[in-house]
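What follows is the content of data_21.cif, which has mmCIF, C-alpha atoms:
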data_my_file
loop_
_atom_site.group_PDB
_atom_site.id
_atom_site.type_symbol
_atom_site.label_atom_id
_atom_site.label_comp_id
_atom_site.auth_asym_id
_atom_site.auth_seq_id
_atom_site.Cartn_x
_atom_site.Cartn_y
_atom_site.Cartn_z
ATOM 1 C CA PRO A 30 70.461 188.745 149.401
ATOM 2 C CA ASP A 31 71.419 192.238 150.637
ATOM 3 C CA SER A 32 68.651 193.659 148.459
ATOM 4 C CA LEU A 33 65.964 191.892 150.512
ATOM 5 C CA PRO A 34 66.357 193.934 153.736
ATOM 6 C CA GLN A 35 66.816 197.134 151.718
ATOM 7 C CA ILE A 36 63.620 196.667 149.718
ATOM 8 C CA ALA A 37 61.693 195.407 152.735
ATOM 9 C CA SER A 38 62.658 198.500 154.737
ATOM 10 C CA LEU A 39 61.580 200.805 151.910
ATOM 11 C CA ALA A 40 58.246 199.034 151.550
ATOM 12 C CA LEU A 41 57.551 199.289 155.274
ATOM 13 C CA ARG A 42 58.630 202.935 155.429
ATOM 14 C CA SER A 43 56.372 203.868 152.515
ATOM 15 C CA GLY A 44 53.395 201.891 153.858
ATOM 16 C CA ASN A 45 53.358 199.261 151.121
ATOM 17 C CA GLY A 46 52.850 195.526 151.290
ATOM 18 C CA LEU A 47 55.566 193.554 149.527
ATOM 19 C CA LEU A 48 56.000 190.322 147.602
ATOM 20 C CA LEU A 49 59.598 189.223 147.007
ATOM 21 C CA LYS A 50 60.986 186.658 144.587
ATOM 22 C CA GLY A 51 64.733 186.108 144.860
ATOM 23 C CA GLY A 52 67.118 184.083 142.744
ATOM 24 C CA ARG A 53 67.794 180.409 143.373
ATOM 25 C CA GLU A 54 71.397 181.164 144.288
ATOM 26 C CA ALA A 55 70.198 183.027 147.416
ATOM 27 C CA GLU A 56 67.191 180.853 148.265
ATOM 28 C CA HIS A 57 68.257 179.834 151.779
ATOM 29 C CA SER A 58 69.638 183.267 152.681
ATOM 30 C CA ASN A 59 66.420 184.927 151.548
ATOM 31 C CA ARG A 60 64.309 182.577 153.657
ATOM 32 C CA ALA A 61 66.394 183.303 156.742
ATOM 33 C CA LEU A 62 66.351 187.074 156.187
ATOM 34 C CA HIS A 63 62.618 187.059 155.473
ATOM 35 C CA ARG A 64 61.908 185.173 158.696
ATOM 36 C CA VAL A 65 63.996 187.607 160.746
ATOM 37 C CA ILE A 66 62.307 190.671 159.215
ATOM 38 C CA VAL A 67 58.681 189.535 159.524
ATOM 39 C CA ASP A 68 59.258 188.298 163.080
ATOM 40 C CA ALA A 69 60.787 191.659 163.978
ATOM 41 C CA VAL A 70 57.853 193.565 162.443
ATOM 42 C CA HIS A 71 55.316 191.426 164.268
ATOM 43 C CA SER A 72 57.163 191.750 167.574
ATOM 44 C CA ALA A 73 57.837 195.495 167.324
ATOM 45 C CA THR A 74 54.194 196.286 166.565
ATOM 46 C CA GLY A 75 52.753 193.918 169.128
ATOM 47 C CA GLY A 76 51.093 191.967 166.350
ATOM 48 C CA LYS A 77 49.335 195.016 164.884
ATOM 49 C CA VAL A 78 51.263 194.525 161.648
ATOM 50 C CA SER A 79 50.938 190.995 160.352
ATOM 51 C CA ARG A 80 53.876 188.883 159.239
ATOM 52 C CA GLU A 81 52.087 188.585 155.889
ATOM 53 C CA VAL A 82 52.869 192.247 155.110
ATOM 54 C CA ILE A 83 56.011 190.894 153.419
ATOM 55 C CA GLY A 84 55.598 187.704 151.412
ATOM 56 C CA LEU A 85 58.278 185.499 149.907
ATOM 57 C CA VAL A 86 57.444 183.912 146.557
ATOM 58 C CA GLN A 87 59.017 180.487 146.245
ATOM 59 C CA SER A 88 58.566 179.375 142.635
ATOM 60 C CA ARG A 89 58.764 180.896 139.180
ATOM 61 C CA SER A 90 55.295 179.580 138.298
ATOM 62 C CA GLU A 91 53.824 181.747 141.045
ATOM 63 C CA VAL A 92 55.324 184.835 139.408
ATOM 64 C CA ALA A 93 53.358 184.275 136.197
ATOM 65 C CA GLU A 94 50.117 184.123 138.191
ATOM 66 C CA LEU A 95 50.996 187.192 140.248
ATOM 67 C CA LEU A 96 51.648 189.231 137.099
ATOM 68 C CA LYS A 97 47.974 188.766 136.195
ATOM 69 C CA LEU A 98 46.764 190.433 139.405
ATOM 70 C CA ASP A 99 46.673 194.027 138.172
ATOM 71 C CA ASP A 100 43.632 194.650 140.379
ATOM 72 C CA VAL A 101 45.579 194.115 143.613
ATOM 73 C CA ILE A 102 49.263 194.691 142.746
ATOM 74 C CA ASP A 103 50.219 198.305 142.029
ATOM 75 C CA LEU A 104 53.830 198.013 140.880
ATOM 76 C CA VAL A 105 56.363 195.433 139.696
ATOM 77 C CA ILE A 106 60.087 196.119 140.183
ATOM 78 C CA PRO A 107 62.218 193.565 138.308
ATOM 79 C CA ARG A 108 65.905 193.373 139.179
ATOM 80 C CA GLY A 109 68.044 191.186 136.951
ATOM 81 C CA SER A 110 69.000 190.706 133.329
ATOM 82 C CA GLY A 111 67.617 192.732 130.457
ATOM 83 C CA ALA A 112 65.841 189.626 129.199
ATOM 84 C CA LEU A 113 64.069 189.209 132.540
ATOM 85 C CA VAL A 114 62.913 192.834 132.602
ATOM 86 C CA ARG A 115 61.655 192.721 129.008
ATOM 87 C CA SER A 116 59.837 189.451 129.674
ATOM 88 C CA ILE A 117 58.034 190.902 132.684
ATOM 89 C CA LYS A 118 57.135 194.113 130.862
ATOM 90 C CA SER A 119 55.591 192.158 128.017
ATOM 91 C CA GLY A 120 53.730 189.765 130.324
ATOM 92 C CA THR A 121 51.777 192.071 132.627
ATOM 93 C CA ARG A 122 49.391 195.018 132.694
ATOM 94 C CA ILE A 123 50.810 196.121 136.041
ATOM 95 C CA PRO A 124 53.121 199.182 135.816
ATOM 96 C CA VAL A 125 56.785 198.132 135.773
ATOM 97 C CA LEU A 126 59.552 200.254 137.295
ATOM 98 C CA GLY A 127 63.146 199.502 136.381
ATOM 99 C CA HIS A 128 65.618 199.322 133.555
ATOM 100 C CA ALA A 129 66.297 196.616 130.981
ATOM 101 C CA GLU A 130 69.964 197.488 130.432
ATOM 102 C CA GLY A 131 72.717 199.696 131.779
ATOM 103 C CA ILE A 132 74.522 200.854 128.659
ATOM 104 C CA CYS A 133 76.372 203.818 130.157
ATOM 105 C CA HIS A 134 78.665 206.162 128.206
ATOM 106 C CA VAL A 135 81.718 208.299 128.895
ATOM 107 C CA TYR A 136 82.305 211.133 126.433
ATOM 108 C CA VAL A 137 85.860 212.491 126.492
ATOM 109 C CA ASP A 138 85.623 216.049 125.189
ATOM 110 C CA LYS A 139 88.391 217.887 123.331
ATOM 111 C CA GLN A 140 88.916 220.021 126.452
ATOM 112 C CA ALA A 141 89.253 217.036 128.789
ATOM 113 C CA ASP A 142 92.064 216.986 131.346
ATOM 114 C CA LEU A 143 94.225 213.929 130.610
ATOM 115 C CA LYS A 144 94.644 212.709 134.198
ATOM 116 C CA LYS A 145 90.948 213.136 134.916
ATOM 117 C CA ALA A 146 90.004 211.366 131.687
ATOM 118 C CA VAL A 147 92.164 208.344 132.490
ATOM 119 C CA ALA A 148 90.994 208.120 136.105
ATOM 120 C CA LEU A 149 87.307 208.558 135.290
ATOM 121 C CA CYS A 150 87.275 206.086 132.390
ATOM 122 C CA VAL A 151 89.131 203.447 134.411
ATOM 123 C CA ASP A 152 86.920 203.911 137.478
ATOM 124 C CA SER A 153 83.684 203.958 135.480
ATOM 125 C CA LYS A 154 84.631 200.678 133.787
ATOM 126 C CA THR A 155 86.596 198.709 136.368
ATOM 127 C CA ASN A 156 85.322 199.711 139.829
ATOM 128 C CA TYR A 157 82.610 197.043 139.505
ATOM 129 C CA PRO A 158 82.214 195.927 135.872
ATOM 130 C CA ALA A 159 79.093 193.842 136.521
ATOM 131 C CA ALA A 160 77.127 196.802 137.900
ATOM 132 C CA CYS A 161 74.445 198.436 135.775
ATOM 133 C CA ASN A 162 76.177 201.819 136.230
ATOM 134 C CA ALA A 163 79.532 200.664 134.827
ATOM 135 C CA ALA A 164 80.614 202.322 131.574
ATOM 136 C CA GLU A 165 80.137 200.173 128.466
ATOM 137 C CA THR A 166 81.087 202.686 125.756
ATOM 138 C CA ILE A 167 83.709 205.443 125.651
ATOM 139 C CA LEU A 168 83.340 208.158 123.027
ATOM 140 C CA PHE A 169 86.331 210.320 122.087
ATOM 141 C CA HIS A 170 86.113 213.726 120.447
ATOM 142 C CA GLU A 171 88.138 213.462 117.233
ATOM 143 C CA ASP A 172 90.610 216.098 118.481
ATOM 144 C CA THR A 173 91.643 213.791 121.355
ATOM 145 C CA VAL A 174 93.095 211.380 118.800
ATOM 146 C CA ALA A 175 95.517 214.014 117.478
ATOM 147 C CA THR A 176 96.465 215.259 120.958
ATOM 148 C CA GLY A 177 97.150 211.752 122.239
ATOM 149 C CA VAL A 178 94.540 211.920 124.991
ATOM 150 C CA ALA A 179 92.541 209.052 123.488
ATOM 151 C CA ASN A 180 95.581 206.771 123.303
ATOM 152 C CA GLU A 181 96.573 207.567 126.900
ATOM 153 C CA VAL A 182 93.075 206.761 128.146
ATOM 154 C CA LEU A 183 93.108 203.469 126.267
ATOM 155 C CA ARG A 184 96.555 202.679 127.656
ATOM 156 C CA GLY A 185 95.214 203.217 131.151
ATOM 157 C CA LEU A 186 92.246 200.962 130.468
ATOM 158 C CA ARG A 187 94.398 198.182 129.043
ATOM 159 C CA GLN A 188 96.782 198.398 131.990
ATOM 160 C CA ALA A 189 93.737 197.943 134.219
ATOM 161 C CA GLY A 190 92.931 194.707 132.377
ATOM 162 C CA VAL A 191 90.174 196.019 130.120
ATOM 163 C CA GLN A 192 89.564 194.512 126.693
ATOM 164 C CA VAL A 193 89.035 197.391 124.256
ATOM 165 C CA LEU A 194 86.754 196.837 121.255
ATOM 166 C CA GLY A 195 86.623 199.438 118.496
ATOM 167 C CA GLY A 196 83.934 200.968 116.367
ATOM 168 C CA PRO A 197 84.606 201.718 112.678
ATOM 169 C CA LEU A 198 86.152 205.154 113.265
ATOM 170 C CA ALA A 199 88.198 204.023 116.273
ATOM 171 C CA ILE A 200 89.687 201.253 114.122
ATOM 172 C CA SER A 201 90.261 203.404 111.037
ATOM 173 C CA GLN A 202 92.066 206.028 113.149
ATOM 174 C CA GLY A 203 94.355 203.445 114.725
ATOM 175 C CA LEU A 204 93.029 203.459 118.285
ATOM 176 C CA VAL A 205 91.955 199.818 118.188
ATOM 177 C CA ASP A 206 93.217 196.823 116.214
ATOM 178 C CA ALA A 207 90.967 195.753 113.337
ATOM 179 C CA ARG A 208 90.860 192.265 114.850
ATOM 180 C CA ALA A 209 88.907 193.611 117.855
ATOM 181 C CA PRO A 210 85.758 195.177 116.381
ATOM 182 C CA VAL A 211 82.576 196.077 118.243
ATOM 183 C CA GLU A 212 79.750 193.741 117.286
ATOM 184 C CA THR A 213 77.091 196.215 118.382
ATOM 185 C CA PHE A 214 77.102 199.340 120.537
ATOM 186 C CA LYS A 215 73.943 197.981 122.161
ATOM 187 C CA THR A 216 76.035 195.648 124.326
ATOM 188 C CA GLU A 217 76.040 195.605 128.120
ATOM 189 C CA TYR A 218 79.228 193.642 128.755
ATOM 190 C CA GLY A 219 79.049 193.301 132.517
ATOM 191 C CA CYS A 220 82.762 192.461 132.529
ATOM 192 C CA ASN A 221 86.124 194.106 131.762
ATOM 193 C CA SER A 222 85.313 194.857 128.131
ATOM 194 C CA VAL A 223 84.412 198.230 126.666
ATOM 195 C CA SER A 224 83.374 199.672 123.303
ATOM 196 C CA VAL A 225 85.274 202.671 121.930
ATOM 197 C CA GLU A 226 84.360 205.074 119.144
ATOM 198 C CA VAL A 227 85.457 208.456 117.778
ATOM 199 C CA VAL A 228 82.890 211.222 117.246
ATOM 200 C CA LYS A 229 83.149 214.511 115.386
ATOM 201 C CA ASP A 230 81.788 216.726 118.144
ATOM 202 C CA GLN A 231 79.510 216.839 121.172
ATOM 203 C CA ALA A 232 76.348 216.779 119.055
ATOM 204 C CA SER A 233 77.550 213.531 117.475
ATOM 205 C CA ALA A 234 78.282 212.110 120.929
ATOM 206 C CA VAL A 235 74.777 212.972 122.139
ATOM 207 C CA ALA A 236 73.248 211.450 118.989
ATOM 208 C CA HIS A 237 75.252 208.250 119.550
ATOM 209 C CA ILE A 238 74.104 208.058 123.172
ATOM 210 C CA HIS A 239 70.460 208.529 122.241
ATOM 211 C CA ARG A 240 70.701 205.900 119.491
ATOM 212 C CA TRP A 241 72.549 203.197 121.401
ATOM 213 C CA GLY A 242 72.135 204.004 125.088
ATOM 214 C CA SER A 243 69.591 202.764 127.592
ATOM 215 C CA GLY A 244 68.893 206.088 129.309
ATOM 216 C CA HIS A 245 70.778 205.061 132.444
ATOM 217 C CA THR A 246 73.914 207.140 133.154
ATOM 218 C CA GLU A 247 76.217 209.246 130.944
ATOM 219 C CA LEU A 248 79.366 211.228 131.727
ATOM 220 C CA ILE A 249 81.214 214.070 130.016
ATOM 221 C CA VAL A 250 84.882 214.642 130.852
ATOM 222 C CA THR A 251 85.810 218.244 130.101
ATOM 223 C CA GLU A 252 87.256 221.438 131.553
ATOM 224 C CA ASP A 253 84.904 223.505 129.367
ATOM 225 C CA GLN A 254 81.995 224.475 131.599
ATOM 226 C CA GLN A 255 79.872 225.609 128.671
ATOM 227 C CA ALA A 256 80.349 222.259 126.949
ATOM 228 C CA ALA A 257 79.506 220.451 130.181
ATOM 229 C CA ASP A 258 76.330 222.465 130.721
ATOM 230 C CA SER A 259 75.268 221.836 127.123
ATOM 231 C CA PHE A 260 75.839 218.086 127.505
ATOM 232 C CA LEU A 261 73.913 217.908 130.782
ATOM 233 C CA ARG A 262 70.961 219.680 129.156
ATOM 234 C CA ALA A 263 70.990 217.739 125.882
ATOM 235 C CA VAL A 264 71.345 214.158 127.072
ATOM 236 C CA ASP A 265 68.044 212.473 127.903
ATOM 237 C CA SER A 266 69.110 209.935 130.523
ATOM 238 C CA ALA A 267 68.179 209.354 134.145
ATOM 239 C CA CYS A 268 71.647 210.444 135.341
ATOM 240 C CA VAL A 269 74.063 212.774 133.522
ATOM 241 C CA PHE A 270 77.397 213.694 135.132
ATOM 242 C CA HIS A 271 80.275 216.118 134.608
ATOM 243 C CA ASN A 272 83.723 214.886 135.673
ATOM 244 C CA ALA A 273 82.267 212.266 138.028
ATOM 245 C CA SER A 274 82.357 208.496 137.547
ATOM 246 C CA THR A 275 79.228 206.771 136.242
ATOM 247 C CA ARG A 276 79.515 204.540 139.310
ATOM 248 C CA PHE A 277 78.062 207.365 141.427
ATOM 249 C CA SER A 278 74.648 206.542 139.971
ATOM 250 C CA ASP A 279 73.406 204.806 143.096
ATOM 251 C CA GLY A 280 70.784 205.452 145.751
ATOM 252 C CA TYR A 281 73.204 205.217 148.675
ATOM 253 C CA ARG A 282 75.742 207.528 147.010
ATOM 254 C CA PHE A 283 72.948 210.017 146.246
ATOM 255 C CA GLY A 284 71.968 210.044 149.913
ATOM 256 C CA LEU A 285 68.706 208.176 149.393
ATOM 257 C CA GLY A 286 69.698 205.352 151.718
ATOM 258 C CA ALA A 287 68.374 202.042 150.455
ATOM 259 C CA GLU A 288 67.083 201.798 146.899
ATOM 260 C CA VAL A 289 64.717 199.403 145.154
ATOM 261 C CA GLY A 290 66.508 199.849 141.846
ATOM 262 C CA ILE A 291 67.159 202.362 139.079
ATOM 263 C CA SER A 292 64.442 203.530 136.738
ATOM 264 C CA THR A 293 65.120 204.724 133.199
ATOM 265 C CA GLY A 294 61.477 205.580 132.521
ATOM 266 C CA ARG A 295 60.179 209.100 132.021
ATOM 267 C CA ILE A 296 57.155 208.907 134.281
ATOM 268 C CA HIS A 297 57.153 209.225 138.064
ATOM 269 C CA ALA A 298 60.457 208.058 139.585
ATOM 270 C CA ARG A 299 63.613 208.257 137.465
ATOM 271 C CA GLY A 300 67.166 207.301 138.354
ATOM 272 C CA PRO A 301 67.919 205.625 141.716
ATOM 273 C CA VAL A 302 64.594 204.988 143.444
ATOM 274 C CA GLY A 303 64.424 205.394 147.211
ATOM 275 C CA VAL A 304 61.449 205.805 149.493
ATOM 276 C CA GLU A 305 60.191 208.958 147.711
ATOM 277 C CA GLY A 306 59.918 207.002 144.479
ATOM 278 C CA LEU A 307 57.484 204.591 146.128
ATOM 279 C CA LEU A 308 55.086 207.359 147.132
ATOM 280 C CA THR A 309 52.370 209.030 145.101
ATOM 281 C CA THR A 310 50.297 212.160 145.731
ATOM 282 C CA LYS A 311 47.018 212.348 147.585
ATOM 283 C CA TRP A 312 45.082 215.635 147.423
ATOM 284 C CA THR A 313 42.821 216.607 150.319
ATOM 285 C CA LEU A 314 40.430 219.558 150.558
ATOM 286 C CA ARG A 315 39.114 221.004 153.823
ATOM 287 C CA SER A 316 36.324 223.557 153.722
ATOM 288 C CA SER A 317 35.613 225.843 156.675
ATOM 289 C CA SER A 318 31.970 226.021 155.587
ATOM 290 C CA SER A 319 30.610 224.520 152.371
ATOM 291 C CA ASP A 320 32.172 225.388 149.002
ATOM 292 C CA CYS A 321 30.632 224.666 145.594
ATOM 293 C CA VAL A 322 32.320 225.086 142.214
ATOM 294 C CA ALA A 323 29.339 227.139 140.969
ATOM 295 C CA GLU A 324 30.236 229.841 143.492
ATOM 296 C CA PHE A 325 33.548 230.390 141.700
ATOM 297 C CA SER A 326 32.307 230.525 138.104
ATOM 298 C CA GLY A 327 29.862 232.126 135.705
ATOM 299 C CA ASN A 328 27.607 234.942 136.931
ATOM 300 C CA ALA A 329 27.212 233.657 140.455
ATOM 301 C CA GLU A 330 26.014 236.181 142.989
ATOM 302 C CA ASN A 331 28.878 237.207 145.271
ATOM 303 C CA LYS A 332 31.225 235.251 143.026
ATOM 304 C CA LYS A 333 34.223 233.876 144.861
ATOM 305 C CA LEU A 334 37.765 234.103 143.540
ATOM 306 C CA TYR A 335 40.581 231.569 143.644
ATOM 307 C CA THR A 336 43.562 232.957 145.532
ATOM 308 C CA HIS A 337 45.970 230.043 144.971
ATOM 309 C CA ARG A 338 48.226 231.016 147.843
ATOM 310 C CA LYS A 339 50.278 228.828 150.118
ATOM 311 C CA ILE A 340 48.786 228.124 153.520
ATOM 312 C CA ASP A 341 50.116 226.466 156.626
ATOM 313 C CA VAL A 342 48.790 222.940 157.087
#
Written form, structure tokens:
Amino acid sequence: PDSLPQIASLALRSGNGLLLKGGREAEHSNRALHRVIVDAVHSATGGKVSREVIGLVQSRSEVAELLKLDDVIDLVIPRGSGALVRSIKSGTRIPVLGHAEGICHVYVDKQADLKKAVALCVDSKTNYPAACNAAETILFHEDTVATGVANEVLRGLRQAGVQVLGGPLAISQGLVDARAPVETFKTEYGCNSVSVEVVKDQASAVAHIHRWGSGHTELIVTEDQQAADSFLRAVDSACVFHNASTRFSDGYRFGLGAEVGISTGRIHARGPVGVEGLLTTKWTLRSSSSDCVAEFSGNAENKKLYTHRKIDV
């Protein structure tokens, strides 16, 4: 239910009307919060802003009908399971902002500091395993197997109560028992389980992330600044970090205040979406006399030139 006041405040701040559909588990809380918010808006504006500026959808059947209204609804923001997001995307012509999955990766480079690697992997996985920014796969540079860094990180994870599942190379190199294989790297566990694999180098790590990831959040653990810079440039995800937990991928932690969700798309807003992500651009022109395009082109008499300089507005 805490998402209701956050999203309502963002909608009001950005000048948007809002329709909300919460889960059944928070039905009564959502009704109470909705009543408080719309009464406060009506009272604070002296009735100039109607209570109907924020609507509360009560049934799932209403959602299906609303998704047909592409002429009056500008944006749909689904928050929930990957199946829910995919279902909404396939069932509407309205633009959808959000992410279907949070398959986040930690890549432990050959130049990773051991203490940092352990702390960052444990925090990224266990701080809140059900969150979409929790790590689901840890990739180890092959050199970390020989140096013992990989084993120490896995020891730290197991001590924190994490179930470690291995990819083919992680199993063949003895990091994970053969009886605990990864079924697919496309898994968002949402609990204290994590996939582990060994990669040859950073390029292999990036290729793995692009093949199996969801474009949400990725982390490189390394003391090699050049390697870090290369990783941050190469990885095509909404959030890419160096030596900072994947759990920092959050609107509040980024200083955005409230957020409506996290977008993994490549158009408009990407990453945690705050009030700026709910705004678009409006271009206005003010002429001091009367300006025509013909005056700026061709062989016009007294042809005018574009200056394209910044002006105070």
Leaving out Val137 (chain A) and any residue of its chain fewer than 5 positions from it, which residues lie within 8 Å of it when counting all atoms listed in the file, given as JSON, numbers by chain?
-> {"A": [146, 167, 168, 169, 170, 173, 249, 250, 251]}
Expand the PyMOL selection byres ((chain A and resi 203-220) around 7) into the individual residues it matches in the shown file, reporting them as a PyMOL selection string.
-> chain A and resi 130-132+158-160+165+180+194-196+199-202+221-222+224+241-242
Would you put the residues from that selection into a file with C-alpha atoms, as a PDB file, in the frame of the given file?
ATOM      1  CA  GLU A 130      69.964 197.488 130.432  1.00  0.00           C
ATOM      2  CA  GLY A 131      72.717 199.696 131.779  1.00  0.00           C
ATOM      3  CA  ILE A 132      74.522 200.854 128.659  1.00  0.00           C
ATOM      4  CA  PRO A 158      82.214 195.927 135.872  1.00  0.00           C
ATOM      5  CA  ALA A 159      79.093 193.842 136.521  1.00  0.00           C
ATOM      6  CA  ALA A 160      77.127 196.802 137.900  1.00  0.00           C
ATOM      7  CA  GLU A 165      80.137 200.173 128.466  1.00  0.00           C
ATOM      8  CA  ASN A 180      95.581 206.771 123.303  1.00  0.00           C
ATOM      9  CA  LEU A 194      86.754 196.837 121.255  1.00  0.00           C
ATOM     10  CA  GLY A 195      86.623 199.438 118.496  1.00  0.00           C
ATOM     11  CA  GLY A 196      83.934 200.968 116.367  1.00  0.00           C
ATOM     12  CA  ALA A 199      88.198 204.023 116.273  1.00  0.00           C
ATOM     13  CA  ILE A 200      89.687 201.253 114.122  1.00  0.00           C
ATOM     14  CA  SER A 201      90.261 203.404 111.037  1.00  0.00           C
ATOM     15  CA  GLN A 202      92.066 206.028 113.149  1.00  0.00           C
ATOM     16  CA  ASN A 221      86.124 194.106 131.762  1.00  0.00           C
ATOM     17  CA  SER A 222      85.313 194.857 128.131  1.00  0.00           C
ATOM     18  CA  SER A 224      83.374 199.672 123.303  1.00  0.00           C
ATOM     19  CA  TRP A 241      72.549 203.197 121.401  1.00  0.00           C
ATOM     20  CA  GLY A 242      72.135 204.004 125.088  1.00  0.00           C
TER      21      GLY A 242
END
May I have the residues within 12 Å of Asn156 (chain A) as an MDAnalysis selection string, using all atoms listed in the file and disregarding those fewer than 4 positions away in the same chain?
-> chainID A and resid 148:152 160:164 186 189:191 219:221 274:277
Just the selected residues (C-alpha atoms), exported as a compact mmCIF listing (two decimals), in the coordinates of the input, please.
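New file part05.txt:
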# COMPACT_ATOMS: atom_id res chain seq x y z
CA ALA A 148 90.99 208.12 136.10
CA LEU A 149 87.31 208.56 135.29
CA CYS A 150 87.28 206.09 132.39
CA VAL A 151 89.13 203.45 134.41
CA ASP A 152 86.92 203.91 137.48
CA ALA A 160 77.13 196.80 137.90
CA CYS A 161 74.44 198.44 135.78
CA ASN A 162 76.18 201.82 136.23
CA ALA A 163 79.53 200.66 134.83
CA ALA A 164 80.61 202.32 131.57
CA LEU A 186 92.25 200.96 130.47
CA ALA A 189 93.74 197.94 134.22
CA GLY A 190 92.93 194.71 132.38
CA VAL A 191 90.17 196.02 130.12
CA GLY A 219 79.05 193.30 132.52
CA CYS A 220 82.76 192.46 132.53
CA ASN A 221 86.12 194.11 131.76
CA SER A 274 82.36 208.50 137.55
CA THR A 275 79.23 206.77 136.24
CA ARG A 276 79.52 204.54 139.31
CA PHE A 277 78.06 207.36 141.43
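Among the candidate residues A:Arg122, A:Lys139, A:Arg53, A:Lys333, the one lying nearest to Asp230 (chain A) is A:Lys139, with distances computed using only C-alpha atoms.
Closest approach to Ser266 (chain A) among A:Gly286, A:Gly111, A:Gly84, A:Gly300: A:Gly300, based on only C-alpha atoms.
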Convert the output of the PyMOL selection byres ((chain A and resi 113) around 12) on the shown file into explicit residues, formatted as a PyMOL selection string.
-> chain A and resi 52+89+92+106-112+114-120+125+127-130
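With CA of Ala256 (chain A) on one side and CA of Val147 (chain A) on the other, the separation reads 19.1 Å.
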Find the residues around Leu85 (chain A) up to 12 Å (all atoms listed in the file counted), leave out those fewer than 4 positions away in its own chain, and share them as number ranges by chain.
-> A: 33, 37, 46-52, 56-64, 66-67, 80-81, 89, 91-92
Test item: residues at most 10 Å from Ala267 (chain A), all atoms listed in the file, excluding those fewer than 4 positions along its chain, as a PDB file with C-alpha atoms, in the frame of the given file:
ATOM      1  CA  SER A 243      69.591 202.764 127.592  1.00  0.00           C
ATOM      2  CA  GLY A 244      68.893 206.088 129.309  1.00  0.00           C
ATOM      3  CA  HIS A 245      70.778 205.061 132.444  1.00  0.00           C
ATOM      4  CA  THR A 246      73.914 207.140 133.154  1.00  0.00           C
ATOM      5  CA  GLU A 247      76.217 209.246 130.944  1.00  0.00           C
ATOM      6  CA  SER A 278      74.648 206.542 139.971  1.00  0.00           C
ATOM      7  CA  ILE A 291      67.159 202.362 139.079  1.00  0.00           C
ATOM      8  CA  SER A 292      64.442 203.530 136.738  1.00  0.00           C
ATOM      9  CA  THR A 293      65.120 204.724 133.199  1.00  0.00           C
ATOM     10  CA  GLY A 294      61.477 205.580 132.521  1.00  0.00           C
ATOM     11  CA  ARG A 295      60.179 209.100 132.021  1.00  0.00           C
ATOM     12  CA  ALA A 298      60.457 208.058 139.585  1.00  0.00           C
ATOM     13  CA  ARG A 299      63.613 208.257 137.465  1.00  0.00           C
ATOM     14  CA  GLY A 300      67.166 207.301 138.354  1.00  0.00           C
ATOM     15  CA  PRO A 301      67.919 205.625 141.716  1.00  0.00           C
TER      16      PRO A 301
END
Excluding region 303-317 of chain A and any residue of its chain fewer than 4 positions from it, enumerate the residues within 6 Å of it, using only C-alpha atoms, and give them as a ChimeraX atom specification.
-> /A:39,285,288,298
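Between Asp99 (chain A) and the candidates A:Ile123, A:Val70, A:Val322, A:Ala55, the tightest atom-to-atom separation, counting all atoms listed in the file, involves A:Ile123.
Restricting the calculation to all atoms listed in the file, the smallest distance between Gln192 (chain A) and any of A:Gln254, A:Lys154, A:Ala234, A:Ala179 is found for A:Lys154.
With distances restricted to all atoms listed in the file, A:His239 is the closest residue to Asp265 (chain A) from A:His239, A:Asp341, A:Val289, A:Arg282.
Interatomic distance, CA of Leu143 (chain A) against CA of Arg262 (chain A): 24.0 Å.
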Nearest candidate to Asp253 (chain A) (options A:Ile83, A:Gly177, A:Leu126, A:Asn272; using only C-alpha atoms) |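 Using only C-alpha atoms, the shortest distance to Asp253 (chain A) belongs to A:Asn272.
Put simply, CA of Ala273 (chain A) is 12.3 Å away from CA of Glu252 (chain A).
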